[in-house]
$ cat target_0.txt   # compact mmCIF, N, CA and C atoms
# COMPACT_ATOMS: atom_id res chain seq x y z
N MET O 1 118.13 90.38 129.51
CA MET O 1 117.63 91.56 128.86
C MET O 1 118.48 92.76 129.27
N ILE O 2 118.72 93.68 128.36
CA ILE O 2 119.52 94.86 128.61
C ILE O 2 118.66 95.92 129.28
N PRO O 3 119.11 96.44 130.44
CA PRO O 3 118.32 97.49 131.09
C PRO O 3 118.20 98.74 130.22
N VAL O 4 117.02 99.30 130.22
CA VAL O 4 116.73 100.49 129.40
C VAL O 4 117.66 101.64 129.78
N GLY O 5 117.98 101.77 131.06
CA GLY O 5 118.87 102.85 131.50
C GLY O 5 120.25 102.78 130.86
N PHE O 6 120.77 101.57 130.69
CA PHE O 6 122.07 101.40 130.05
C PHE O 6 122.01 101.86 128.60
N LEU O 7 120.94 101.50 127.91
CA LEU O 7 120.78 101.92 126.52
C LEU O 7 120.67 103.44 126.42
N SER O 8 119.92 104.04 127.32
CA SER O 8 119.78 105.50 127.34
C SER O 8 121.12 106.17 127.59
N PHE O 9 121.91 105.59 128.49
CA PHE O 9 123.24 106.11 128.79
C PHE O 9 124.12 106.10 127.53
N LEU O 10 124.11 104.99 126.80
CA LEU O 10 124.89 104.90 125.56
C LEU O 10 124.40 105.91 124.52
N GLU O 11 123.09 106.04 124.40
CA GLU O 11 122.54 107.01 123.44
C GLU O 11 122.99 108.42 123.77
N LYS O 12 123.02 108.75 125.05
CA LYS O 12 123.45 110.08 125.48
C LYS O 12 124.94 110.30 125.20
N ILE O 13 125.76 109.33 125.56
CA ILE O 13 127.21 109.45 125.37
C ILE O 13 127.56 109.63 123.89
N PHE O 14 126.95 108.82 123.03
CA PHE O 14 127.33 108.82 121.62
C PHE O 14 126.38 109.61 120.72
N ASN O 15 125.34 110.20 121.32
CA ASN O 15 124.38 111.01 120.58
C ASN O 15 123.83 110.25 119.36
N LEU O 16 123.25 109.11 119.66
CA LEU O 16 122.65 108.30 118.60
C LEU O 16 121.47 107.53 119.13
N GLU O 17 120.74 106.90 118.23
CA GLU O 17 119.59 106.08 118.60
C GLU O 17 119.97 104.61 118.49
N ILE O 18 119.71 103.87 119.53
CA ILE O 18 120.00 102.43 119.51
C ILE O 18 118.82 101.69 118.91
N ILE O 19 119.13 100.84 117.96
CA ILE O 19 118.14 99.98 117.31
C ILE O 19 118.50 98.55 117.67
N ILE O 20 117.50 97.77 118.02
CA ILE O 20 117.70 96.40 118.47
C ILE O 20 117.51 95.43 117.31
N ALA O 21 118.49 94.54 117.12
CA ALA O 21 118.34 93.45 116.16
C ALA O 21 117.74 92.28 116.95
N SER O 22 116.48 92.02 116.73
CA SER O 22 115.79 90.96 117.46
C SER O 22 116.34 89.59 117.10
N HIS O 23 116.36 88.71 118.08
CA HIS O 23 116.74 87.33 117.81
C HIS O 23 115.69 86.74 116.87
N PRO O 24 116.10 86.00 115.85
CA PRO O 24 115.13 85.46 114.88
C PRO O 24 114.01 84.63 115.49
N LYS O 25 114.27 83.96 116.60
CA LYS O 25 113.23 83.15 117.24
C LYS O 25 112.22 84.00 118.02
N SER O 26 112.56 85.26 118.29
CA SER O 26 111.69 86.08 119.14
C SER O 26 110.45 86.58 118.40
N LYS O 27 110.57 86.82 117.12
CA LYS O 27 109.47 87.35 116.30
C LYS O 27 109.04 88.75 116.73
N GLU O 28 109.87 89.45 117.52
CA GLU O 28 109.50 90.78 117.99
C GLU O 28 110.12 91.84 117.08
N GLU O 29 109.26 92.77 116.67
CA GLU O 29 109.77 93.91 115.92
C GLU O 29 108.84 95.10 116.11
N GLY O 30 109.34 96.26 115.70
CA GLY O 30 108.60 97.49 115.91
C GLY O 30 109.05 98.15 117.20
N ARG O 31 108.32 99.13 117.64
CA ARG O 31 108.65 99.84 118.90
C ARG O 31 108.16 98.99 120.07
N LEU O 32 109.08 98.71 120.98
CA LEU O 32 108.77 97.84 122.10
C LEU O 32 108.90 98.60 123.42
N ASP O 33 107.83 98.59 124.20
CA ASP O 33 107.80 99.31 125.47
C ASP O 33 108.91 98.87 126.41
N TYR O 34 109.12 97.56 126.52
CA TYR O 34 110.10 97.08 127.50
C TYR O 34 111.54 97.43 127.11
N LEU O 35 111.72 97.93 125.88
CA LEU O 35 113.03 98.42 125.45
C LEU O 35 113.08 99.95 125.47
N GLY O 36 112.17 100.55 126.22
CA GLY O 36 112.14 102.01 126.28
C GLY O 36 111.60 102.62 125.00
N ASN O 37 110.68 101.92 124.36
CA ASN O 37 110.06 102.34 123.10
C ASN O 37 111.08 102.44 121.96
N ARG O 38 112.13 101.64 122.05
CA ARG O 38 113.11 101.59 120.97
C ARG O 38 112.63 100.63 119.89
N THR O 39 113.16 100.82 118.70
CA THR O 39 112.78 100.00 117.56
C THR O 39 113.56 98.69 117.57
N ALA O 40 112.83 97.60 117.39
CA ALA O 40 113.42 96.28 117.22
C ALA O 40 113.16 95.85 115.78
N VAL O 41 114.18 95.29 115.16
CA VAL O 41 114.11 94.88 113.76
C VAL O 41 114.41 93.39 113.68
N LEU O 42 113.65 92.70 112.87
CA LEU O 42 113.78 91.25 112.75
C LEU O 42 114.43 90.87 111.41
N ASN O 43 115.34 89.93 111.47
CA ASN O 43 115.99 89.35 110.28
C ASN O 43 116.77 90.34 109.43
N ARG O 44 117.36 91.36 110.07
CA ARG O 44 118.20 92.32 109.34
C ARG O 44 119.47 92.63 110.13
N THR O 45 119.95 91.65 110.89
CA THR O 45 121.10 91.88 111.75
C THR O 45 122.32 92.33 110.97
N GLU O 46 122.64 91.66 109.89
CA GLU O 46 123.84 92.04 109.13
C GLU O 46 123.73 93.47 108.63
N GLU O 47 122.60 93.83 108.09
CA GLU O 47 122.38 95.19 107.58
C GLU O 47 122.52 96.23 108.70
N LEU O 48 121.93 95.92 109.85
CA LEU O 48 122.02 96.85 110.98
C LEU O 48 123.46 97.02 111.45
N VAL O 49 124.18 95.92 111.57
CA VAL O 49 125.58 95.98 112.01
C VAL O 49 126.41 96.76 111.01
N LYS O 50 126.23 96.49 109.75
CA LYS O 50 127.02 97.17 108.71
C LYS O 50 126.88 98.68 108.80
N GLY O 51 125.69 99.17 109.10
CA GLY O 51 125.45 100.60 109.20
C GLY O 51 125.60 101.19 110.59
N SER O 52 126.07 100.39 111.53
CA SER O 52 126.12 100.83 112.93
C SER O 52 127.44 101.51 113.29
N GLU O 53 127.41 102.14 114.44
CA GLU O 53 128.62 102.73 115.02
C GLU O 53 129.34 101.68 115.88
N PHE O 54 128.57 100.81 116.51
CA PHE O 54 129.11 99.74 117.34
C PHE O 54 128.02 98.70 117.56
N VAL O 55 128.42 97.58 118.17
CA VAL O 55 127.50 96.48 118.44
C VAL O 55 127.53 96.19 119.94
N ILE O 56 126.34 95.96 120.51
CA ILE O 56 126.19 95.61 121.91
C ILE O 56 125.59 94.21 121.96
N GLY O 57 126.09 93.36 122.83
CA GLY O 57 125.47 92.06 122.93
C GLY O 57 126.00 91.24 124.08
N VAL O 58 125.27 90.20 124.39
CA VAL O 58 125.69 89.26 125.43
C VAL O 58 126.56 88.19 124.78
N PHE O 59 126.04 87.49 123.86
CA PHE O 59 126.81 86.55 123.03
C PHE O 59 125.95 86.35 121.81
N SER O 60 126.37 86.92 120.70
CA SER O 60 125.49 87.04 119.56
C SER O 60 126.21 86.82 118.25
N THR O 61 125.47 86.36 117.26
CA THR O 61 126.00 86.26 115.90
C THR O 61 126.37 87.65 115.39
N ALA O 62 125.74 88.67 115.93
CA ALA O 62 126.05 90.05 115.53
C ALA O 62 127.54 90.35 115.74
N TYR O 63 128.19 89.68 116.69
CA TYR O 63 129.62 89.88 116.90
C TYR O 63 130.42 89.53 115.64
N ILE O 64 130.01 88.47 114.98
CA ILE O 64 130.72 88.06 113.77
C ILE O 64 130.61 89.14 112.70
N TYR O 65 129.42 89.68 112.53
CA TYR O 65 129.24 90.78 111.58
C TYR O 65 130.06 92.00 112.00
N ALA O 66 130.13 92.27 113.30
CA ALA O 66 130.92 93.40 113.79
C ALA O 66 132.39 93.22 113.41
N ILE O 67 132.88 92.01 113.53
CA ILE O 67 134.27 91.73 113.16
C ILE O 67 134.46 91.89 111.65
N LEU O 68 133.54 91.35 110.87
CA LEU O 68 133.65 91.46 109.42
C LEU O 68 133.59 92.91 108.93
N TYR O 69 132.74 93.72 109.57
CA TYR O 69 132.57 95.12 109.15
C TYR O 69 133.38 96.09 110.00
N LYS O 70 134.26 95.56 110.85
CA LYS O 70 135.17 96.35 111.68
C LYS O 70 134.43 97.38 112.52
N LYS O 71 133.52 96.87 113.33
CA LYS O 71 132.74 97.70 114.25
C LYS O 71 133.14 97.36 115.68
N PRO O 72 133.26 98.35 116.54
CA PRO O 72 133.55 98.07 117.95
C PRO O 72 132.44 97.22 118.57
N ILE O 73 132.81 96.39 119.52
CA ILE O 73 131.85 95.52 120.20
C ILE O 73 131.86 95.84 121.69
N PHE O 74 130.67 96.05 122.25
CA PHE O 74 130.51 96.14 123.70
C PHE O 74 130.04 94.78 124.18
N PHE O 75 130.95 94.06 124.85
CA PHE O 75 130.60 92.77 125.44
C PHE O 75 129.96 93.06 126.79
N ILE O 76 128.71 92.72 126.92
CA ILE O 76 128.00 93.03 128.15
C ILE O 76 127.55 91.77 128.88
N TYR O 77 127.35 91.93 130.18
CA TYR O 77 126.79 90.86 131.00
C TYR O 77 126.07 91.52 132.17
N SER O 78 125.28 90.74 132.84
CA SER O 78 124.54 91.22 134.02
C SER O 78 124.94 90.36 135.21
N ASN O 79 124.47 90.75 136.38
CA ASN O 79 124.72 89.92 137.57
C ASN O 79 124.12 88.53 137.39
N GLU O 80 122.97 88.46 136.73
CA GLU O 80 122.32 87.17 136.48
C GLU O 80 123.19 86.29 135.57
N ILE O 81 123.73 86.86 134.51
CA ILE O 81 124.59 86.10 133.60
C ILE O 81 125.87 85.68 134.32
N LYS O 82 126.37 86.54 135.18
CA LYS O 82 127.60 86.24 135.92
C LYS O 82 127.44 84.96 136.75
N ARG O 83 126.23 84.68 137.22
CA ARG O 83 125.97 83.46 137.99
C ARG O 83 125.95 82.21 137.10
N ASN O 84 125.79 82.40 135.78
CA ASN O 84 125.85 81.30 134.83
C ASN O 84 127.31 81.17 134.39
N VAL O 85 128.04 80.34 135.08
CA VAL O 85 129.50 80.27 134.92
C VAL O 85 129.93 80.03 133.48
N SER O 86 129.29 79.11 132.78
CA SER O 86 129.72 78.81 131.41
C SER O 86 129.45 79.99 130.47
N ARG O 87 128.30 80.63 130.62
CA ARG O 87 127.96 81.78 129.77
C ARG O 87 128.90 82.95 130.04
N PHE O 88 129.16 83.20 131.32
CA PHE O 88 130.06 84.29 131.72
C PHE O 88 131.47 84.02 131.19
N ARG O 89 131.88 82.76 131.26
CA ARG O 89 133.21 82.38 130.75
C ARG O 89 133.30 82.61 129.24
N GLU O 90 132.25 82.26 128.49
CA GLU O 90 132.23 82.48 127.04
C GLU O 90 132.43 83.96 126.70
N ILE O 91 131.71 84.81 127.41
CA ILE O 91 131.82 86.25 127.18
C ILE O 91 133.24 86.73 127.42
N ASN O 92 133.83 86.28 128.52
CA ASN O 92 135.18 86.72 128.86
C ASN O 92 136.25 86.14 127.95
N ILE O 93 136.03 84.94 127.46
CA ILE O 93 136.99 84.36 126.50
C ILE O 93 136.97 85.17 125.21
N PHE O 94 135.77 85.47 124.72
CA PHE O 94 135.65 86.21 123.46
C PHE O 94 136.20 87.63 123.62
N SER O 95 135.80 88.31 124.69
CA SER O 95 136.30 89.68 124.89
C SER O 95 137.81 89.66 125.14
N GLY O 96 138.28 88.63 125.84
CA GLY O 96 139.72 88.51 126.09
C GLY O 96 140.50 88.28 124.81
N TYR O 97 139.96 87.48 123.91
CA TYR O 97 140.62 87.25 122.63
C TYR O 97 140.82 88.56 121.89
N LEU O 98 139.82 89.42 121.96
CA LEU O 98 139.89 90.72 121.26
C LEU O 98 140.48 91.82 122.14
N LYS O 99 140.97 91.42 123.33
CA LYS O 99 141.63 92.32 124.27
C LYS O 99 140.79 93.57 124.59
N THR O 100 139.54 93.31 124.90
CA THR O 100 138.65 94.37 125.37
C THR O 100 137.98 93.92 126.65
N LYS O 101 137.45 94.85 127.39
CA LYS O 101 136.79 94.52 128.65
C LYS O 101 135.30 94.35 128.42
N SER O 102 134.72 93.45 129.19
CA SER O 102 133.26 93.32 129.17
C SER O 102 132.68 94.25 130.23
N ILE O 103 131.41 94.58 130.07
CA ILE O 103 130.75 95.56 130.95
C ILE O 103 129.63 94.88 131.72
N ASN O 104 129.62 95.07 133.03
CA ASN O 104 128.49 94.61 133.84
C ASN O 104 127.45 95.72 133.81
N ILE O 105 126.34 95.47 133.13
CA ILE O 105 125.32 96.51 132.94
C ILE O 105 124.49 96.75 134.19
N ASP O 106 124.71 95.95 135.23
CA ASP O 106 124.04 96.17 136.51
C ASP O 106 124.85 97.08 137.42
N GLU O 107 126.03 97.46 136.98
CA GLU O 107 126.89 98.36 137.76
C GLU O 107 127.06 99.66 136.99
N ASP O 108 127.34 100.72 137.71
CA ASP O 108 127.55 102.02 137.07
C ASP O 108 128.87 102.01 136.32
N SER O 109 128.85 102.60 135.13
CA SER O 109 130.06 102.81 134.34
C SER O 109 130.16 104.29 134.04
N SER O 110 131.37 104.78 133.97
CA SER O 110 131.56 106.19 133.65
C SER O 110 131.59 106.37 132.13
N GLU O 111 131.36 107.59 131.73
CA GLU O 111 131.41 107.90 130.30
C GLU O 111 132.79 107.57 129.73
N SER O 112 133.85 107.88 130.48
CA SER O 112 135.20 107.61 129.98
C SER O 112 135.46 106.10 129.86
N GLN O 113 134.92 105.30 130.80
CA GLN O 113 135.07 103.84 130.70
C GLN O 113 134.40 103.33 129.43
N ILE O 114 133.20 103.80 129.18
CA ILE O 114 132.46 103.37 128.00
C ILE O 114 133.18 103.81 126.73
N LYS O 115 133.59 105.05 126.68
CA LYS O 115 134.26 105.56 125.47
C LYS O 115 135.58 104.84 125.20
N SER O 116 136.24 104.38 126.24
CA SER O 116 137.51 103.66 126.04
C SER O 116 137.29 102.34 125.32
N LEU O 117 136.09 101.79 125.42
CA LEU O 117 135.80 100.49 124.79
C LEU O 117 135.47 100.61 123.31
N ILE O 118 135.32 101.82 122.82
CA ILE O 118 134.98 102.02 121.42
C ILE O 118 136.20 101.74 120.52
N ASN O 119 137.38 101.75 121.12
CA ASN O 119 138.59 101.45 120.37
C ASN O 119 138.78 99.94 120.28
N PHE O 120 139.24 99.49 119.14
CA PHE O 120 139.49 98.06 118.99
C PHE O 120 140.71 97.87 118.11
N ASP O 121 141.27 96.69 118.17
CA ASP O 121 142.48 96.36 117.43
C ASP O 121 142.10 95.63 116.15
N GLU O 122 142.24 96.31 115.03
CA GLU O 122 141.86 95.70 113.74
C GLU O 122 142.66 94.43 113.45
N LYS O 123 143.89 94.37 113.93
CA LYS O 123 144.72 93.18 113.73
C LYS O 123 144.09 91.97 114.43
N LEU O 124 143.57 92.19 115.63
CA LEU O 124 142.91 91.10 116.36
C LEU O 124 141.64 90.66 115.64
N TYR O 125 140.92 91.60 115.03
CA TYR O 125 139.75 91.26 114.24
C TYR O 125 140.17 90.39 113.05
N GLU O 126 141.25 90.76 112.39
CA GLU O 126 141.76 89.96 111.27
C GLU O 126 142.19 88.58 111.74
N ASN O 127 142.85 88.53 112.88
CA ASN O 127 143.25 87.23 113.44
C ASN O 127 142.04 86.36 113.71
N TYR O 128 140.99 86.96 114.27
CA TYR O 128 139.77 86.20 114.56
C TYR O 128 139.17 85.66 113.27
N LYS O 129 139.10 86.50 112.25
CA LYS O 129 138.57 86.05 110.95
C LYS O 129 139.38 84.86 110.43
N ASN O 130 140.69 84.96 110.51
CA ASN O 130 141.54 83.88 110.00
C ASN O 130 141.45 82.62 110.87
N ASP O 131 141.38 82.79 112.17
CA ASP O 131 141.36 81.65 113.09
C ASP O 131 140.02 80.92 113.13
N PHE O 132 138.90 81.68 112.97
CA PHE O 132 137.60 81.09 113.22
C PHE O 132 136.57 81.21 112.09
N LEU O 133 136.79 82.09 111.15
CA LEU O 133 135.77 82.31 110.11
C LEU O 133 136.20 81.86 108.73
N THR O 134 137.34 81.24 108.63
CA THR O 134 137.79 80.75 107.32
C THR O 134 138.08 79.26 107.39
$ encode --input "target_0.txt" --output "structure tokens"
Amino acid sequence: MIPVGFLSFLEKIFNLEIIIASHPKSKEEGRLDYLGNRTAVLNRTEELVKGSEFVIGVFSTAYIYAILYKKPIFFIYSNEIKRNVSRFREINIFSGYLKTKSINIDEDSSESQIKSLINFDEKLYENYKNDFLT
């Protein structure tokens, strides 16, 4: 789960409201307390990504939509995920392919570190589409 403080930090940096695309199996939607009273939306991931400024996730189908709609991706992990070697490796392989850094949300990040991740290489997104989505 993403810590509420990290989401608040991103909202402050980018002056926007974060909306959560709920996993289809979760059945959770509406304002959720454990997400800092943020809105969770069910079964509208593509629509949310298309209209977003960026995508945040651990390992999600939303990444594919982010690539298709040319949206920056914040690859995140926690100390708990880091202990899951295969999951942590997946995150780093994907972020490495797109030549971006992943963020440990259990550690402090500076505003400049976060803002540097908003840039992405459109050519690498095109390569990913050609290599894996066609």
$ atom_distance --input "target_0.txt" --atom1 "atom N of Gly57 of chain O" --atom2 "atom C of Asn130 of chain O"
22.2 Å
$ closest_residue --input "target_0.txt" --among "O:Ile105, O:Ile91, O:Ile64, O:Leu98" --to "Tyr77 of chain O" --atoms "only N, CA and C atoms"
O:Ile105
$ select_by_dssp --input "target_0.txt" --residues "chain O" --states "alpha helix (DSSP H)" --output "ChimeraX atom specification"
/O:4-14,45-50,62-68,79-83,85-97,111-116,122-132
$ atom_distance --input "target_0.txt" --atom1 "atom CA of Gly5 of chain O" --atom2 "atom N of Gly36 of chain O"
8.8 Å
$ axis_aligned_box --input "target_0.txt" --around "segment 101-112 of chain O" --padding-each-side "8 Å" --output "lines of an AutoDock Vina configuration file"
center_x = 130.7
center_y = 100.6
center_z = 132.6
size_x = 29.4
size_y = 30.6
size_z = 26.4
$ atom_distance --input "target_0.txt" --atom1 "atom C of Ser112 of chain O" --atom2 "atom C of Leu10 of chain O"
12.3 Å
$ closest_residue --input "target_0.txt" --among "O:Val58, O:Lys70, O:Ser22, O:Ser78" --to "Glu90 of chain O" --atoms "all atoms listed in the file"
O:Val58
